[in-house]
Structure formats: structure tokens, C-alpha cells
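Shown next: structure.cif, containing mmCIF, C-alpha atoms.
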```
data_model
#
loop_
_atom_site.label_atom_id
_atom_site.label_comp_id
_atom_site.auth_asym_id
_atom_site.auth_seq_id
_atom_site.Cartn_x
_atom_site.Cartn_y
_atom_site.Cartn_z
CA MET A 1320 11.91 -14.48 -18.24
CA THR A 1321 14.02 -15.25 -15.18
CA THR A 1322 13.95 -13.30 -11.92
CA ASN A 1323 17.29 -11.65 -12.75
CA ASN A 1324 16.06 -10.71 -16.22
CA ILE A 1325 12.95 -9.09 -14.76
CA GLN A 1326 15.03 -7.17 -12.23
CA ASP A 1327 17.40 -5.99 -14.98
CA SER A 1328 14.45 -4.94 -17.15
CA VAL A 1329 12.88 -2.94 -14.33
CA LYS A 1330 16.18 -1.32 -13.35
CA ASN A 1331 16.79 -0.28 -16.96
CA TYR A 1332 13.27 1.10 -17.43
CA TYR A 1333 13.27 3.19 -14.26
CA GLY A 1334 16.95 3.99 -14.20
CA GLU A 1335 17.63 4.68 -17.87
CA VAL A 1336 14.50 4.80 -20.06
CA LEU A 1337 12.28 7.10 -17.99
CA GLU A 1338 13.56 10.59 -17.35
CA THR A 1339 10.40 11.90 -15.63
CA LYS A 1340 6.86 10.64 -15.01
CA ALA A 1341 5.82 12.42 -18.23
CA ASP A 1342 7.57 9.61 -20.16
CA LEU A 1343 5.07 6.99 -18.97
CA LYS A 1344 2.86 5.55 -21.72
CA THR A 1345 -0.16 4.53 -19.58
CA SER A 1346 -2.06 5.73 -16.52
CA ALA A 1347 -1.04 2.62 -14.56
CA CYS A 1348 1.59 4.54 -12.58
CA CYS A 1349 -0.50 7.68 -12.16
CA PRO A 1350 -2.88 8.38 -9.27
CA THR A 1351 -6.47 7.22 -9.81
CA GLU A 1352 -7.67 9.21 -6.82
CA ALA A 1353 -7.07 12.75 -5.70
CA MET A 1354 -4.34 13.26 -3.15
CA PRO A 1355 -6.08 13.61 0.24
CA LYS A 1356 -6.45 17.24 1.26
CA HIS A 1357 -4.38 16.91 4.42
CA LEU A 1358 -1.43 15.48 2.46
CA ARG A 1359 -1.25 18.16 -0.23
CA PRO A 1360 0.75 20.67 1.84
CA LEU A 1361 3.17 17.88 2.77
CA VAL A 1362 3.71 16.99 -0.89
CA LYS A 1363 4.41 20.66 -1.62
CA ASN A 1364 7.30 20.47 0.86
CA VAL A 1365 8.99 17.77 -1.24
CA HIS A 1366 11.76 18.84 -3.63
CA LYS A 1367 10.64 19.28 -7.25
CA GLU A 1368 13.24 16.87 -8.67
CA ILE A 1369 11.94 14.08 -6.46
CA LYS A 1370 8.33 14.68 -7.50
CA ASP A 1371 9.23 14.86 -11.19
CA LYS A 1372 11.03 11.51 -11.08
CA PHE A 1373 8.55 9.69 -8.86
CA TYR A 1374 6.22 7.01 -10.24
CA GLY A 1375 3.18 5.71 -8.38
CA CYS A 1376 -0.42 4.57 -8.91
CA GLY A 1377 -2.14 5.80 -5.76
CA SER A 1378 -1.75 7.45 -2.40
CA PRO A 1379 -0.84 4.61 0.00
CA ILE A 1380 -0.40 6.75 3.10
CA PRO A 1381 -2.79 5.88 5.94
CA HIS A 1382 -3.72 7.83 9.08
CA ALA A 1383 -2.34 7.83 12.64
CA LEU A 1384 1.41 7.58 11.99
CA GLU A 1385 3.04 9.79 14.60
CA GLY A 1386 5.98 8.01 16.20
CA MET A 1387 5.64 4.97 13.93
CA THR A 1388 8.42 3.06 12.16
CA VAL A 1389 7.46 2.85 8.48
CA VAL A 1390 9.05 1.01 5.55
CA ASP A 1391 8.44 2.21 1.99
CA LEU A 1392 9.08 -0.63 -0.45
CA GLY A 1393 10.34 0.46 -3.85
CA CYS A 1394 10.62 4.03 -2.60
CA GLY A 1395 12.15 5.31 -5.83
CA THR A 1396 13.22 8.95 -5.47
CA GLY A 1397 11.37 9.12 -2.16
CA ARG A 1398 8.27 11.28 -2.60
CA ASP A 1399 6.08 9.11 -0.38
CA ALA A 1400 8.94 8.52 2.05
CA TYR A 1401 9.40 12.26 2.55
CA VAL A 1402 5.65 12.72 3.06
CA LEU A 1403 5.74 9.90 5.61
CA SER A 1404 8.74 11.53 7.28
CA GLN A 1405 6.57 14.54 8.08
CA LEU A 1406 3.74 12.37 9.38
CA VAL A 1407 5.78 10.13 11.70
CA GLY A 1408 7.56 13.19 13.08
CA PRO A 1409 10.92 13.41 14.82
CA THR A 1410 10.11 10.46 17.11
CA GLY A 1411 9.29 8.16 14.21
CA LYS A 1412 11.39 6.64 11.47
CA VAL A 1413 11.03 6.03 7.74
CA ILE A 1414 13.11 3.49 5.81
CA GLY A 1415 12.96 3.62 2.03
CA ILE A 1416 14.12 0.55 0.11
CA ASP A 1417 14.81 0.36 -3.62
CA MET A 1418 16.99 -1.64 -6.00
CA THR A 1419 17.51 1.19 -8.51
CA GLU A 1420 20.66 3.10 -7.61
CA GLU A 1421 19.86 6.02 -9.92
CA GLN A 1422 16.66 6.76 -8.02
CA LEU A 1423 18.24 6.23 -4.61
CA GLU A 1424 20.94 8.74 -5.52
CA VAL A 1425 18.23 11.37 -6.06
CA ALA A 1426 16.48 10.44 -2.80
CA ASN A 1427 19.68 10.57 -0.73
CA ARG A 1428 20.87 13.82 -2.27
CA HIS A 1429 17.98 15.73 -0.73
CA VAL A 1430 17.89 14.37 2.84
CA ASP A 1431 19.46 17.46 4.42
CA TYR A 1432 17.21 19.75 2.37
CA HIS A 1433 14.09 18.06 3.71
CA MET A 1434 15.17 17.81 7.32
CA GLU A 1435 15.77 21.56 7.32
CA LYS A 1436 12.45 22.11 5.52
CA PHE A 1437 10.59 19.98 8.09
CA GLY A 1438 12.37 21.55 11.04
CA PHE A 1439 13.90 18.29 12.32
CA ASN A 1440 17.20 18.43 14.20
CA ALA A 1441 18.22 14.96 13.04
CA PRO A 1442 17.21 12.81 10.05
CA ASN A 1443 14.27 10.50 10.70
CA ILE A 1444 14.62 8.95 7.25
CA GLU A 1445 17.13 6.74 5.48
CA PHE A 1446 17.29 5.06 2.11
CA ARG A 1447 18.71 1.58 1.67
CA HIS A 1448 19.64 -0.37 -1.43
CA GLY A 1449 17.93 -3.75 -1.43
CA LEU A 1450 15.36 -6.12 -2.88
CA ILE A 1451 11.78 -6.10 -1.66
CA GLU A 1452 11.86 -9.92 -1.83
CA ASP A 1453 14.71 -10.01 0.69
CA LEU A 1454 14.27 -7.35 3.36
CA ALA A 1455 16.87 -9.02 5.57
CA SER A 1456 19.49 -7.86 3.07
CA ALA A 1457 18.37 -4.31 3.87
CA GLY A 1458 18.77 -4.95 7.59
CA LEU A 1459 15.12 -5.34 8.56
CA GLU A 1460 14.57 -7.68 11.51
CA ASP A 1461 11.54 -9.77 12.46
CA ASN A 1462 8.66 -7.90 14.13
CA SER A 1463 10.44 -4.56 13.83
CA VAL A 1464 8.16 -2.13 11.95
CA ASP A 1465 4.66 -0.72 12.44
CA LEU A 1466 3.72 -0.16 8.81
CA VAL A 1467 4.85 -1.27 5.36
CA VAL A 1468 3.69 0.79 2.38
CA SER A 1469 4.33 0.47 -1.34
CA ASN A 1470 3.23 2.53 -4.32
CA CYS A 1471 2.89 0.58 -7.58
CA VAL A 1472 6.00 -1.54 -7.02
CA ILE A 1473 4.99 -5.06 -5.96
CA ASN A 1474 3.73 -5.74 -9.49
CA LEU A 1475 7.35 -5.32 -10.66
CA SER A 1476 8.53 -8.24 -8.52
CA ALA A 1477 9.14 -11.63 -10.09
CA ASP A 1478 8.20 -13.36 -6.82
CA LYS A 1479 5.32 -11.57 -5.15
CA THR A 1480 4.78 -14.35 -2.62
CA LYS A 1481 8.27 -13.70 -1.24
CA VAL A 1482 7.46 -10.00 -1.00
CA PHE A 1483 4.33 -10.61 1.07
CA LYS A 1484 6.11 -13.20 3.21
CA GLU A 1485 8.84 -10.69 3.99
CA ILE A 1486 6.32 -7.97 4.77
CA PHE A 1487 4.56 -10.12 7.37
CA ARG A 1488 7.92 -11.18 8.78
CA VAL A 1489 9.06 -7.64 9.53
CA LEU A 1490 5.69 -6.31 10.74
CA LYS A 1491 5.12 -6.15 14.46
CA PRO A 1492 2.00 -7.90 15.80
CA GLY A 1493 -0.81 -5.51 14.95
CA GLY A 1494 1.26 -3.88 12.21
CA GLU A 1495 -0.21 -2.94 8.85
CA MET A 1496 0.47 -3.55 5.16
CA TYR A 1497 -1.00 -0.68 3.12
CA PHE A 1498 -0.22 -0.43 -0.58
CA SER A 1499 -1.42 0.72 -3.98
CA ASP A 1500 -0.76 -1.43 -7.02
CA VAL A 1501 -1.99 -2.75 -10.34
CA PHE A 1502 -4.33 -5.74 -10.42
CA SER A 1503 -6.04 -7.60 -13.23
CA GLY A 1504 -9.22 -9.56 -13.76
CA ARG A 1505 -7.34 -12.50 -15.26
CA ARG A 1506 -3.86 -13.99 -15.20
CA ILE A 1507 -1.40 -12.17 -17.44
CA PRO A 1508 -0.28 -14.11 -20.56
CA LYS A 1509 3.44 -14.87 -20.82
CA ALA A 1510 3.96 -12.62 -23.86
CA ILE A 1511 2.65 -9.61 -21.93
CA ALA A 1512 4.43 -10.55 -18.70
CA GLU A 1513 7.78 -10.63 -20.56
CA ASP A 1514 7.29 -7.45 -22.58
CA ASP A 1515 9.85 -4.92 -21.28
CA VAL A 1516 7.64 -1.88 -21.82
CA LEU A 1517 4.45 -3.44 -20.41
CA LEU A 1518 6.44 -4.69 -17.45
CA GLY A 1519 7.95 -1.26 -16.86
CA GLU A 1520 4.54 0.36 -17.22
CA CYS A 1521 3.32 -1.86 -14.35
CA LEU A 1522 0.93 -3.89 -16.52
CA GLY A 1523 3.04 -6.97 -17.32
CA GLY A 1524 3.32 -7.91 -13.66
CA ALA A 1525 -0.22 -7.03 -12.60
CA MET A 1526 -1.59 -9.36 -9.93
CA TYR A 1527 -4.70 -11.39 -10.71
CA THR A 1528 -7.03 -10.52 -7.82
CA GLU A 1529 -7.81 -14.13 -6.93
CA ASP A 1530 -4.14 -15.12 -6.93
CA PHE A 1531 -3.47 -12.20 -4.59
CA ARG A 1532 -6.17 -13.48 -2.23
CA ARG A 1533 -4.69 -16.98 -2.36
CA ALA A 1534 -1.16 -15.71 -1.73
CA LEU A 1535 -2.24 -13.94 1.45
CA ARG A 1536 -4.31 -16.92 2.54
CA ASN A 1537 -1.31 -19.24 2.16
CA LEU A 1538 0.65 -16.91 4.43
CA GLY A 1539 -2.07 -17.04 7.08
CA CYS A 1540 -3.65 -13.67 6.30
CA LEU A 1541 -7.35 -14.44 5.83
CA ASP A 1542 -8.76 -10.94 5.38
CA TYR A 1543 -7.80 -7.80 3.52
CA ARG A 1544 -9.72 -4.69 2.56
CA VAL A 1545 -9.91 -2.60 -0.60
CA VAL A 1546 -9.66 1.07 0.35
CA SER A 1547 -10.12 2.50 -3.15
CA SER A 1548 -10.17 1.30 -6.74
CA GLY A 1549 -10.11 2.61 -10.28
CA VAL A 1550 -9.98 1.31 -13.84
CA ILE A 1551 -6.70 1.78 -15.72
CA ASP A 1552 -6.99 3.02 -19.29
CA ILE A 1553 -4.37 2.07 -21.88
CA GLU A 1554 -4.31 5.07 -24.19
CA ASP A 1555 -1.15 4.14 -26.07
CA GLU A 1556 -2.35 2.36 -29.24
CA GLU A 1557 0.63 0.02 -29.50
CA LEU A 1558 0.31 -1.14 -25.91
CA TYR A 1559 -3.48 -1.43 -26.21
CA ALA A 1560 -3.01 -3.75 -29.19
CA LYS A 1561 -0.92 -6.02 -26.98
CA ALA A 1562 -2.87 -5.90 -23.71
CA GLY A 1563 -6.24 -4.30 -24.39
CA MET A 1564 -8.11 -7.55 -23.77
CA ILE A 1565 -7.25 -7.47 -20.06
CA ASP A 1566 -9.09 -5.44 -17.44
CA PHE A 1567 -6.58 -3.63 -15.25
CA TYR A 1568 -7.30 -1.90 -11.96
CA SER A 1569 -5.44 0.33 -9.56
CA LEU A 1570 -6.32 -0.75 -6.02
CA THR A 1571 -5.29 0.53 -2.63
CA VAL A 1572 -5.35 -2.39 -0.22
CA ARG A 1573 -4.79 -2.77 3.52
CA THR A 1574 -4.48 -5.65 5.94
CA PHE A 1575 -2.98 -6.23 9.36
CA LYS A 1576 -0.80 -8.75 11.17
CA VAL A 1577 -3.58 -9.99 13.45
CA ASP A 1578 -5.58 -13.22 13.75
CA PHE A 1579 -8.42 -13.16 11.21
CA GLU A 1580 -11.11 -15.68 10.36
CA ASP A 1581 -11.75 -16.53 6.73
CA ILE A 1582 -15.28 -15.08 6.71
CA CYS A 1583 -17.00 -12.33 8.66
CA GLU A 1584 -18.24 -13.85 11.92
CA ASP A 1585 -20.64 -12.12 14.30
CA TYR A 1586 -19.70 -11.87 17.98
CA GLY A 1587 -21.88 -8.85 18.72
CA HIS A 1588 -19.10 -6.24 18.55
CA VAL A 1589 -20.01 -2.58 18.30
CA ALA A 1590 -17.39 0.05 17.41
CA TYR A 1591 -17.40 3.75 18.35
CA TYR A 1592 -14.94 6.12 16.69
CA ASN A 1593 -13.60 8.72 19.14
CA GLY A 1594 -12.83 11.34 16.48
CA THR A 1595 -9.24 11.59 17.68
CA ILE A 1596 -7.24 10.66 14.57
CA PRO A 1597 -5.48 13.76 13.17
CA HIS A 1598 -7.16 15.14 10.03
CA ALA A 1599 -10.20 12.88 10.58
CA PRO A 1600 -12.25 14.61 13.30
CA HIS A 1601 -15.69 13.75 11.98
CA SER A 1602 -15.25 10.30 10.47
CA PHE A 1603 -12.66 7.64 9.71
CA VAL A 1604 -12.61 5.50 6.56
CA LEU A 1605 -11.24 2.00 7.15
CA ASP A 1606 -12.05 0.68 3.67
CA ASP A 1607 -14.48 1.18 0.80
CA HIS A 1608 -17.48 0.13 2.90
CA HIS A 1609 -16.54 1.13 6.44
CA GLU A 1610 -16.79 4.81 7.32
CA PHE A 1611 -17.13 5.38 11.05
CA GLN A 1612 -18.87 8.61 12.05
CA THR A 1613 -17.57 10.09 15.28
CA GLY A 1614 -19.53 8.78 18.26
CA MET A 1615 -21.93 6.68 16.18
CA PRO A 1616 -22.31 2.99 17.20
CA VAL A 1617 -21.49 0.62 14.31
CA PRO A 1618 -21.99 -3.18 14.53
CA VAL A 1619 -18.88 -4.87 13.15
CA CYS A 1620 -17.70 -8.40 12.46
CA GLY A 1621 -14.95 -10.01 14.48
CA ASN A 1622 -12.29 -9.28 11.86
CA THR A 1623 -13.15 -5.59 11.72
CA ALA A 1624 -13.15 -5.46 15.51
CA ARG A 1625 -9.59 -6.80 15.50
CA MET A 1626 -8.52 -4.24 12.88
CA LEU A 1627 -9.68 -1.50 15.23
CA ALA A 1628 -8.80 -2.93 18.65
CA ASP A 1629 -5.57 -4.89 18.02
CA THR A 1630 -3.70 -2.27 15.99
CA ARG A 1631 -2.45 1.31 16.32
CA PHE A 1632 -6.09 2.43 16.00
CA ALA A 1633 -6.98 1.00 19.42
CA SER A 1634 -6.68 4.32 21.23
CA HIS A 1635 -8.99 5.98 18.69
CA PHE A 1636 -11.88 3.51 19.02
CA ARG A 1637 -14.04 2.05 21.74
CA VAL A 1638 -14.89 -1.48 20.69
CA VAL A 1639 -17.59 -3.03 22.88
CA GLY A 1640 -17.83 -6.81 23.06
CA ASP A 1641 -15.60 -9.86 23.14
CA PHE A 1642 -15.36 -13.25 21.43
CA SER A 1643 -17.11 -15.28 24.12
CA THR A 1644 -20.45 -15.58 22.32
CA HIS A 1645 -20.80 -16.39 18.63
CA PHE A 1646 -23.94 -15.43 16.70
CA GLY A 1647 -23.05 -17.05 13.36
CA PRO A 1648 -21.87 -15.41 10.13
CA PHE A 1649 -22.10 -11.64 10.07
CA ASP A 1650 -25.30 -10.41 8.39
CA LYS A 1651 -24.44 -10.09 4.71
CA GLY A 1652 -27.23 -7.59 4.26
CA SER A 1653 -25.64 -5.08 6.65
CA ASP A 1654 -23.61 -2.05 5.65
CA GLU A 1655 -20.55 -3.89 6.97
CA SER A 1656 -20.60 -6.34 4.07
CA LYS A 1657 -21.40 -3.99 1.20
CA GLY A 1658 -18.28 -3.44 -0.88
CA ASN A 1659 -17.37 -3.36 -4.55
CA ASP A 1660 -17.42 -6.41 -6.78
CA LEU A 1661 -13.69 -7.05 -6.49
CA PRO A 1662 -12.89 -10.15 -4.44
CA ALA A 1663 -11.83 -9.90 -0.82
CA ALA A 1664 -11.26 -12.50 1.84
CA CYS A 1665 -14.00 -11.28 4.15
CA CYS A 1666 -16.66 -8.59 3.95
#
```

Here is a file; write its structure as C-alpha cells.
Amino acid sequence: MTTNNIQDSVKNYYGEVLETKADLKTSACCPTEAMPKHLRPLVKNVHKEIKDKFYGCGSPIPHALEGMTVVDLGCGTGRDAYVLSQLVGPTGKVIGIDMTEEQLEVANRHVDYHMEKFGFNAPNIEFRHGLIEDLASAGLEDNSVDLVVSNCVINLSADKTKVFKEIFRVLKPGGEMYFSDVFSGRRIPKAIAEDDVLLGECLGGAMYTEDFRRALRNLGCLDYRVVSSGVIDIEDEELYAKAGMIDFYSLTVRTFKVDFEDICEDYGHVAYYNGTIPHAPHSFVLDDHHEFQTGMPVPVCGNTARMLADTRFASHFRVVGDFSTHFGPFDKGSDESKGNDLPAACC
């Protein structure tokens, strides 16, 4: 199936076949984790039509976003974009990008409604028609945004490497890629990858975890972190007969546009969380094996130190140490390196 054929298939599935999220045949595009408590009131502020026609597999909305410029790839009808709009506030900006005109029409129709609901004098959100493989066509310049998020959309792309390349192009130094999507424990056979329904249900384009790691590595990103994970069940008998032999996962993943090493190296860094991130006064979760209690000293590897000190989190952490003295690989028996069994570039 060619790139254009895949795009046409996805447009048809999300623009014509699906009326609401109730029409989905699998749990691939449904949240595998509860919506964080602090986001639930923000979701309630979003118009019902947008929520009914929104499809996603997680909650890819990180902390500390006030005043940030955020891009939502494959924004659909804009549920996440409107939640982000509330979090970045009137001094921030949210740009939603999607190739499906039917969904963008819904998103754009409710801009004024939400700005009034949020109490903003001027829109801090806009929706643009474009391809996630070519963000320049949507007017995004190099080093121009603080955060790129995506909710179960990158799997729908026929050229995921281009997507990641574009993301790192538009991110500012220290910027973050934070997304939820469907992954698999093996490469997807051609018959499944070209099945219109399995593709539309986010299974046909699932990323093999090791190929994802390699794609980032080839772009110079040597570390990423799994924030949360869950197994996807295929309850539809017809689809299970086609793809039931493959293990599918919904993962929320984050990484940053900073200089990482390809393994966890020990330079003696110790991190202290200040407890200053909104809605996280007592602890902050960086990934599935890093939870920083407020005020508690935590030894971290060099890569984790950069995630905290060279990004928007810098003002919320005190990271003690530098890179002048190397103590070898970070202790693999420490809490720092205890994660799940899914592959990652570092700890």
C-alpha cells in the first residue's frame, strides 16, 4: 500500500466510517489509564461533540505547560488541544494539526465557545490542515515549539521516521516529545498493515518497539522513557482472527531535544524536586521508574540529569553535580534503572 493509499484509507475511516468513538472495534484507541485527576475538570469544559468524536489511546498531556507553545499532531476534533489550551493559558499557544477536514471542521467550529468558557480574551489555539510528516506545510519553523504531543496518531503514518524527524526539527533545544501510541512486540505482517479496518483501528501501523528505538537513535536521540503502558485487547472476533498472534501495547513515551548518551552513565548527579510543579506538590513522575518525592535527594544518571536541568523542568529541580568526573555506567541495581521489560535506550 502506497503512502497516498494509506492516507486515503485513514481519512476515509476517521472522516466517513466512524461517527463517534463508540464505533471503534478495539480498545487500541481507548485510554488504558485513568485520566489524571487534575485534568478531569478541564476535560469537562470541552464541548460534548468534540469529546464524542475524539479518538485516542492515552493521556499524553505532561506537567508544567504555562506559557508554552504546544503542537498537537493529529489533533482530530481537538479534545486534547482544548485541554492543553487551558494549561498553557493566555500567554501560551496551542497548534492542532490534522489531515482530516471533517474533524478539523468540528474543532474549528467550537473555538469561540471554548475561549469564552476558559475566560480568554483572545484565542490561544488554532487548527491547521497538514500532514504530520511535513510540518513545514503547516507553517512550523525550526526550533519554534516547546512541546509536541500526539494521541494515537503516529501509528497511522506511512513514514514514521519522517514524523520523528519533523518533530525534532521544530522542537526548541530542551523541548519535549510526549505521545501515546500503539506498539507491538514484533513487526506487523503486510496483510495486517494493509487491512483498512486494522489500520484505522490503529493496529495495522503499530510500531515494533525495537524499530522505534532504532528510528530515534538514527535521528540522534539516544534515550527515551516509557511513562505508562498497557496491553491492548482485541475483542472483535473477526479482527482477532487476523491479528491475534501479535502482542499490542499502548505506551505513553517521552523524550527531549537534549544531548543524551546511549547508556546511563554515572557522573555523581543528585536531583532534588522542589515541589513547585502545579498539581504535583508532593512528588513528580518523570517516567515509570522515576518518581521524585519533594525534597528527597535522588541519585540520577547523566541523561536523567539533563532531562531535569536542560528542559522546562529546570526551575522545579535542584540538580547537584556536573559532568567533570565520570564514575562509569550507572548502577543497574539502583531504583533509577528499574523499569518494565519493554525496551528503552537507557535506564

(request) Tell me which of A:Val1545, A:Ile1369, A:Val1489, A:Val1413 sits closest to His1608 (chain A), counting all atoms listed in the file. (result)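 Smallest separation from His1608 (chain A) among the options: A:Val1545.
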
(request) Report the residues retrieved by the PyMOL selection byres ((chain A and resi 1400) around 9) from the displayed file, expressed as a ChimeraX atom specification. (result) /A:1389-1391,1394,1396-1399,1401-1405,1413-1415,1444

(message) I need the output of the PyMOL selection byres ((chain A and resi 1587-1597) around 6) for this file as a PyMOL selection string; which residues are they?
(response) chain A and resi 1383+1585-1586+1598-1601+1613-1619+1635-1640

(request) Might you pull out every residue within 9 Å of region 1448-1451 of chain A, with all atoms listed in the file counted and same-chain residues fewer than 3 positions away left off, and present them as a list in words? (result)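 Within the cut-off, the hits are Leu1392, Gly1393, Gly1415, Ile1416, Asp1417, Met1418, Thr1419, Glu1420, Leu1423, Leu1454, Ala1455, Ser1456, Ala1457, Ile1473, Ser1476, Lys1481, Val1482, Glu1485 and Ile1486 of chain A.
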
For the PyMOL selection byres ((chain A and resi 1523-1538) around 6), applied here, can you spell out every residue it catches as a compact mmCIF listing (two decimals) with C-alpha atoms, in the frame of the given file?
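That gives us out01.txt:
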```
# COMPACT_ATOMS: atom_id res chain seq x y z
CA ASN A 1474 3.73 -5.74 -9.49
CA LEU A 1475 7.35 -5.32 -10.66
CA VAL A 1501 -1.99 -2.75 -10.34
CA PHE A 1502 -4.33 -5.74 -10.42
CA SER A 1503 -6.04 -7.60 -13.23
CA GLY A 1504 -9.22 -9.56 -13.76
CA ARG A 1505 -7.34 -12.50 -15.26
CA ARG A 1506 -3.86 -13.99 -15.20
CA ILE A 1511 2.65 -9.61 -21.93
CA ALA A 1512 4.43 -10.55 -18.70
CA LEU A 1517 4.45 -3.44 -20.41
CA LEU A 1518 6.44 -4.69 -17.45
CA CYS A 1521 3.32 -1.86 -14.35
CA LEU A 1522 0.93 -3.89 -16.52
CA GLY A 1539 -2.07 -17.04 7.08
CA CYS A 1540 -3.65 -13.67 6.30
CA LEU A 1541 -7.35 -14.44 5.83
```

(message) Would you compute the distance between CA of Thr1571 (chain A) and CA of Tyr1543 (chain A)? Give it in Å to one decimal.
(response) 10.7 Å
